[in-house]
Every structure is written in C-alpha cells, then in structure tokens.
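Worksheet for the structure shown next.
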Amino acid sequence: MDNIPKVLISIGIVFILVGLFWMFGGRYLRFGHLPGDIAIERPNFKFYFPLGTSIVISIILSFILWLFQRSGR
C-alpha cells in the first residue's frame, strides 16, 4: 500500500511533462509530420500513416516504462 501514492505522483509528473511537451514542443517540432511518415494524396483520396511518429512515440514510452521498472526495484 505504500507504493500507491508514489505511483500516482509519478504518473502525475509524467502527465505534466507530456502536457508541457505537447504545448511547447508542438510549436517547434512538427510532430506528426516526421520523416518516415507516409502521406499519399490523390484526387478524392488522402492516406496518412504516421510510421516515423509511431516509432518515436514507441521509443519514448519504452524509455519511460523502463525508468518506472528500474525505480520499482
């Protein structure tokens, strides 16, 4: 039961950091339009698959989860 407050505080800090990154980073980083994202535009058809963005998000989330796992030991 002693770990629950620490986990909640950690999750809150992560949400604050993600919110700040989203608010300020969106102005300077074209997140969602990274190299590797697939965009096909034709008449009457648009297809967008954010492959590069998905890889970056996966790496960031993996790192955050790795940090949580290390701090839990």
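Ligands are numbered from 1 in the order shown, residues from 1 within each chain, and chains are lettered A, B, ... in the order they appear in the structure tokens.
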Using only C-alpha atoms, which protein or nucleic acid residues come within 10 Å of segment 60-72 of chain A? Drop anything in the same chain fewer than 4 positions from it, and give the result as an NGL selection string.
:A and (3 or 6-7 or 10-11 or 14 or 54-56)
Show me, as an mmCIF file with N, CA and C atoms, in the first residue's frame, the residues that have an atom within 10 Å of Ile38 of chain A when counting only C-alpha atoms, minus same-chain residues fewer than 4 positions from it.
data_model
loop_
_atom_site.group_PDB
_atom_site.id
_atom_site.type_symbol
_atom_site.label_atom_id
_atom_site.label_comp_id
_atom_site.auth_asym_id
_atom_site.auth_seq_id
_atom_site.Cartn_x
_atom_site.Cartn_y
_atom_site.Cartn_z
ATOM 1 N N HIS A 33 4.468 14.952 -38.518
ATOM 2 C CA HIS A 33 4.945 15.167 -39.886
ATOM 3 C C HIS A 33 6.445 14.914 -39.930
ATOM 4 N N LEU A 34 6.858 13.802 -39.334
ATOM 5 C CA LEU A 34 8.273 13.463 -39.284
ATOM 6 C C LEU A 34 8.693 12.718 -40.543
ATOM 7 N N PHE A 47 -4.393 9.514 -47.803
ATOM 8 C CA PHE A 47 -3.974 8.446 -46.906
ATOM 9 C C PHE A 47 -2.767 8.941 -46.139
ATOM 10 N N TYR A 48 -2.817 8.801 -44.816
ATOM 11 C CA TYR A 48 -1.716 9.234 -43.970
ATOM 12 C C TYR A 48 -1.460 8.164 -42.934
ATOM 13 N N PHE A 49 -0.223 7.677 -42.879
ATOM 14 C CA PHE A 49 0.166 6.698 -41.866
ATOM 15 C C PHE A 49 1.418 7.219 -41.176
ATOM 16 N N PRO A 50 1.308 7.588 -39.891
ATOM 17 C CA PRO A 50 2.443 8.205 -39.181
ATOM 18 C C PRO A 50 3.446 7.163 -38.684
ATOM 19 N N LEU A 51 4.176 6.535 -39.595
ATOM 20 C CA LEU A 51 5.120 5.489 -39.226
ATOM 21 C C LEU A 51 6.276 6.041 -38.403
ATOM 22 N N GLY A 52 6.904 7.117 -38.858
ATOM 23 C CA GLY A 52 8.012 7.718 -38.113
ATOM 24 C C GLY A 52 7.576 8.219 -36.748
#
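Of the residues in chain A, those that DSSP places in strand (DSSP E or B) on the basis of the backbone are Ile38, Ala39, Ile40, Glu41, Arg42, Phe45, Lys46, Phe47, Tyr48 and Phe49 of chain A.
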List every residue of chain A that DSSP, applied to the backbone, labels as helix (DSSP H, G or I), and write the result as a JSON list (two decimals) with N, CA and C atoms, in the first residue's frame.
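Result written to states_27.json:
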[["chain", "number", "residue", "atom", "x", "y", "z"],
["A", 3, "ASN", "N", 3.28, 1.92, -1.94],
["A", 3, "ASN", "CA", 3.73, 2.26, -3.29],
["A", 3, "ASN", "C", 2.68, 3.03, -4.08],
["A", 4, "ILE", "N", 1.41, 2.94, -3.72],
["A", 4, "ILE", "CA", 0.34, 3.57, -4.50],
["A", 4, "ILE", "C", 0.51, 5.09, -4.57],
["A", 5, "PRO", "N", 0.78, 5.80, -3.48],
["A", 5, "PRO", "CA", 0.98, 7.25, -3.61],
["A", 5, "PRO", "C", 2.16, 7.61, -4.50],
["A", 6, "LYS", "N", 3.25, 6.83, -4.42],
["A", 6, "LYS", "CA", 4.42, 7.10, -5.25],
["A", 6, "LYS", "C", 4.10, 6.90, -6.72],
["A", 7, "VAL", "N", 3.34, 5.86, -7.03],
["A", 7, "VAL", "CA", 2.95, 5.59, -8.41],
["A", 7, "VAL", "C", 2.04, 6.70, -8.93],
["A", 8, "LEU", "N", 1.09, 7.15, -8.12],
["A", 8, "LEU", "CA", 0.19, 8.22, -8.55],
["A", 8, "LEU", "C", 0.94, 9.53, -8.78],
["A", 9, "ILE", "N", 1.89, 9.84, -7.91],
["A", 9, "ILE", "CA", 2.69, 11.05, -8.08],
["A", 9, "ILE", "C", 3.53, 10.94, -9.35],
["A", 10, "SER", "N", 4.11, 9.77, -9.58],
["A", 10, "SER", "CA", 4.93, 9.56, -10.78],
["A", 10, "SER", "C", 4.09, 9.70, -12.05],
["A", 11, "ILE", "N", 2.90, 9.14, -12.04],
["A", 11, "ILE", "CA", 2.01, 9.27, -13.20],
["A", 11, "ILE", "C", 1.62, 10.72, -13.42],
["A", 12, "GLY", "N", 1.36, 11.45, -12.34],
["A", 12, "GLY", "CA", 1.03, 12.86, -12.45],
["A", 12, "GLY", "C", 2.18, 13.67, -13.04],
["A", 13, "ILE", "N", 3.40, 13.38, -12.62],
["A", 13, "ILE", "CA", 4.57, 14.07, -13.16],
["A", 13, "ILE", "C", 4.73, 13.77, -14.65],
["A", 14, "VAL", "N", 4.51, 12.52, -15.03],
["A", 14, "VAL", "CA", 4.60, 12.15, -16.44],
["A", 14, "VAL", "C", 3.55, 12.90, -17.25],
["A", 15, "PHE", "N", 2.33, 12.99, -16.74],
["A", 15, "PHE", "CA", 1.28, 13.73, -17.45],
["A", 15, "PHE", "C", 1.63, 15.20, -17.60],
["A", 16, "ILE", "N", 2.21, 15.79, -16.56],
["A", 16, "ILE", "CA", 2.61, 17.20, -16.63],
["A", 16, "ILE", "C", 3.70, 17.39, -17.68],
["A", 17, "LEU", "N", 4.69, 16.49, -17.69],
["A", 17, "LEU", "CA", 5.77, 16.59, -18.68],
["A", 17, "LEU", "C", 5.26, 16.40, -20.10],
["A", 18, "VAL", "N", 4.36, 15.44, -20.29],
["A", 18, "VAL", "CA", 3.78, 15.23, -21.62],
["A", 18, "VAL", "C", 2.97, 16.45, -22.04],
["A", 19, "GLY", "N", 2.21, 17.03, -21.12],
["A", 19, "GLY", "CA", 1.43, 18.22, -21.43],
["A", 19, "GLY", "C", 2.30, 19.41, -21.80],
["A", 20, "LEU", "N", 3.39, 19.61, -21.07],
["A", 20, "LEU", "CA", 4.30, 20.70, -21.40],
["A", 20, "LEU", "C", 4.98, 20.48, -22.74],
["A", 21, "PHE", "N", 5.39, 19.23, -23.00],
["A", 21, "PHE", "CA", 6.00, 18.92, -24.28],
["A", 21, "PHE", "C", 5.01, 19.15, -25.40],
["A", 22, "TRP", "N", 3.78, 18.75, -25.19],
["A", 22, "TRP", "CA", 2.74, 18.90, -26.21],
["A", 22, "TRP", "C", 2.47, 20.38, -26.49],
["A", 23, "MET", "N", 2.44, 21.18, -25.41],
["A", 23, "MET", "CA", 2.12, 22.59, -25.54],
["A", 23, "MET", "C", 3.26, 23.37, -26.20],
["A", 24, "PHE", "N", 4.48, 23.16, -25.73],
["A", 24, "PHE", "CA", 5.61, 23.95, -26.24],
["A", 24, "PHE", "C", 6.32, 23.26, -27.39],
["A", 25, "GLY", "N", 6.40, 21.96, -27.38],
["A", 25, "GLY", "CA", 7.09, 21.23, -28.42],
["A", 25, "GLY", "C", 6.36, 21.26, -29.74],
["A", 26, "GLY", "N", 5.06, 21.38, -29.72],
["A", 26, "GLY", "CA", 4.29, 21.42, -30.95],
["A", 26, "GLY", "C", 4.58, 22.64, -31.81],
["A", 27, "ARG", "N", 5.07, 23.68, -31.18],
["A", 27, "ARG", "CA", 5.39, 24.89, -31.94],
["A", 27, "ARG", "C", 6.68, 24.73, -32.71],
["A", 28, "TYR", "N", 7.60, 23.97, -32.16],
["A", 28, "TYR", "CA", 8.92, 23.88, -32.75],
["A", 28, "TYR", "C", 9.16, 22.54, -33.46],
["A", 51, "LEU", "N", 4.18, 6.53, -39.59],
["A", 51, "LEU", "CA", 5.12, 5.49, -39.23],
["A", 51, "LEU", "C", 6.28, 6.04, -38.40],
["A", 52, "GLY", "N", 6.90, 7.12, -38.86],
["A", 52, "GLY", "CA", 8.01, 7.72, -38.11],
["A", 52, "GLY", "C", 7.58, 8.22, -36.75],
["A", 53, "THR", "N", 6.42, 8.85, -36.69],
["A", 53, "THR", "CA", 5.89, 9.34, -35.42],
["A", 53, "THR", "C", 5.59, 8.19, -34.48],
["A", 54, "SER", "N", 5.05, 7.10, -34.98],
["A", 54, "SER", "CA", 4.76, 5.93, -34.15],
["A", 54, "SER", "C", 6.03, 5.34, -33.56],
["A", 55, "ILE", "N", 7.09, 5.30, -34.34],
["A", 55, "ILE", "CA", 8.35, 4.77, -33.83],
["A", 55, "ILE", "C", 8.91, 5.66, -32.74],
["A", 56, "VAL", "N", 8.86, 6.97, -32.92],
["A", 56, "VAL", "CA", 9.36, 7.89, -31.90],
["A", 56, "VAL", "C", 8.55, 7.77, -30.62],
["A", 57, "ILE", "N", 7.23, 7.70, -30.72],
["A", 57, "ILE", "CA", 6.38, 7.55, -29.53],
["A", 57, "ILE", "C", 6.67, 6.23, -28.84],
["A", 58, "SER", "N", 6.88, 5.16, -29.59],
["A", 58, "SER", "CA", 7.19, 3.86, -29.01],
["A", 58, "SER", "C", 8.50, 3.90, -28.24],
["A", 59, "ILE", "N", 9.50, 4.56, -28.80],
["A", 59, "ILE", "CA", 10.79, 4.66, -28.11],
["A", 59, "ILE", "C", 10.66, 5.46, -26.82],
["A", 60, "ILE", "N", 9.93, 6.56, -26.87],
["A", 60, "ILE", "CA", 9.75, 7.40, -25.67],
["A", 60, "ILE", "C", 8.99, 6.63, -24.60],
["A", 61, "LEU", "N", 7.89, 5.96, -24.96],
["A", 61, "LEU", "CA", 7.13, 5.20, -23.98],
["A", 61, "LEU", "C", 7.92, 4.03, -23.42],
["A", 62, "SER", "N", 8.71, 3.37, -24.25],
["A", 62, "SER", "CA", 9.56, 2.27, -23.77],
["A", 62, "SER", "C", 10.57, 2.78, -22.75],
["A", 63, "PHE", "N", 11.15, 3.94, -23.01],
["A", 63, "PHE", "CA", 12.11, 4.52, -22.08],
["A", 63, "PHE", "C", 11.43, 4.89, -20.76],
["A", 64, "ILE", "N", 10.25, 5.48, -20.83],
["A", 64, "ILE", "CA", 9.53, 5.85, -19.60],
["A", 64, "ILE", "C", 9.17, 4.61, -18.79],
["A", 65, "LEU", "N", 8.69, 3.57, -19.46],
["A", 65, "LEU", "CA", 8.36, 2.33, -18.74],
["A", 65, "LEU", "C", 9.60, 1.67, -18.17],
["A", 66, "TRP", "N", 10.73, 1.75, -18.88],
["A", 66, "TRP", "CA", 11.98, 1.21, -18.37],
["A", 66, "TRP", "C", 12.40, 1.95, -17.10],
["A", 67, "LEU", "N", 12.22, 3.29, -17.09],
["A", 67, "LEU", "CA", 12.54, 4.07, -15.89],
["A", 67, "LEU", "C", 11.66, 3.66, -14.71],
["A", 68, "PHE", "N", 10.36, 3.46, -14.97],
["A", 68, "PHE", "CA", 9.47, 3.04, -13.90],
["A", 68, "PHE", "C", 9.86, 1.67, -13.37],
["A", 69, "GLN", "N", 10.26, 0.79, -14.25],
["A", 69, "GLN", "CA", 10.63, -0.56, -13.85],
["A", 69, "GLN", "C", 11.90, -0.51, -12.99],
["A", 70, "ARG", "N", 12.87, 0.32, -13.36],
["A", 70, "ARG", "CA", 14.10, 0.44, -12.59],
["A", 70, "ARG", "C", 13.85, 1.07, -11.22],
["A", 71, "SER", "N", 12.94, 2.05, -11.15],
["A", 71, "SER", "CA", 12.68, 2.72, -9.88],
["A", 71, "SER", "C", 11.89, 1.83, -8.93]]
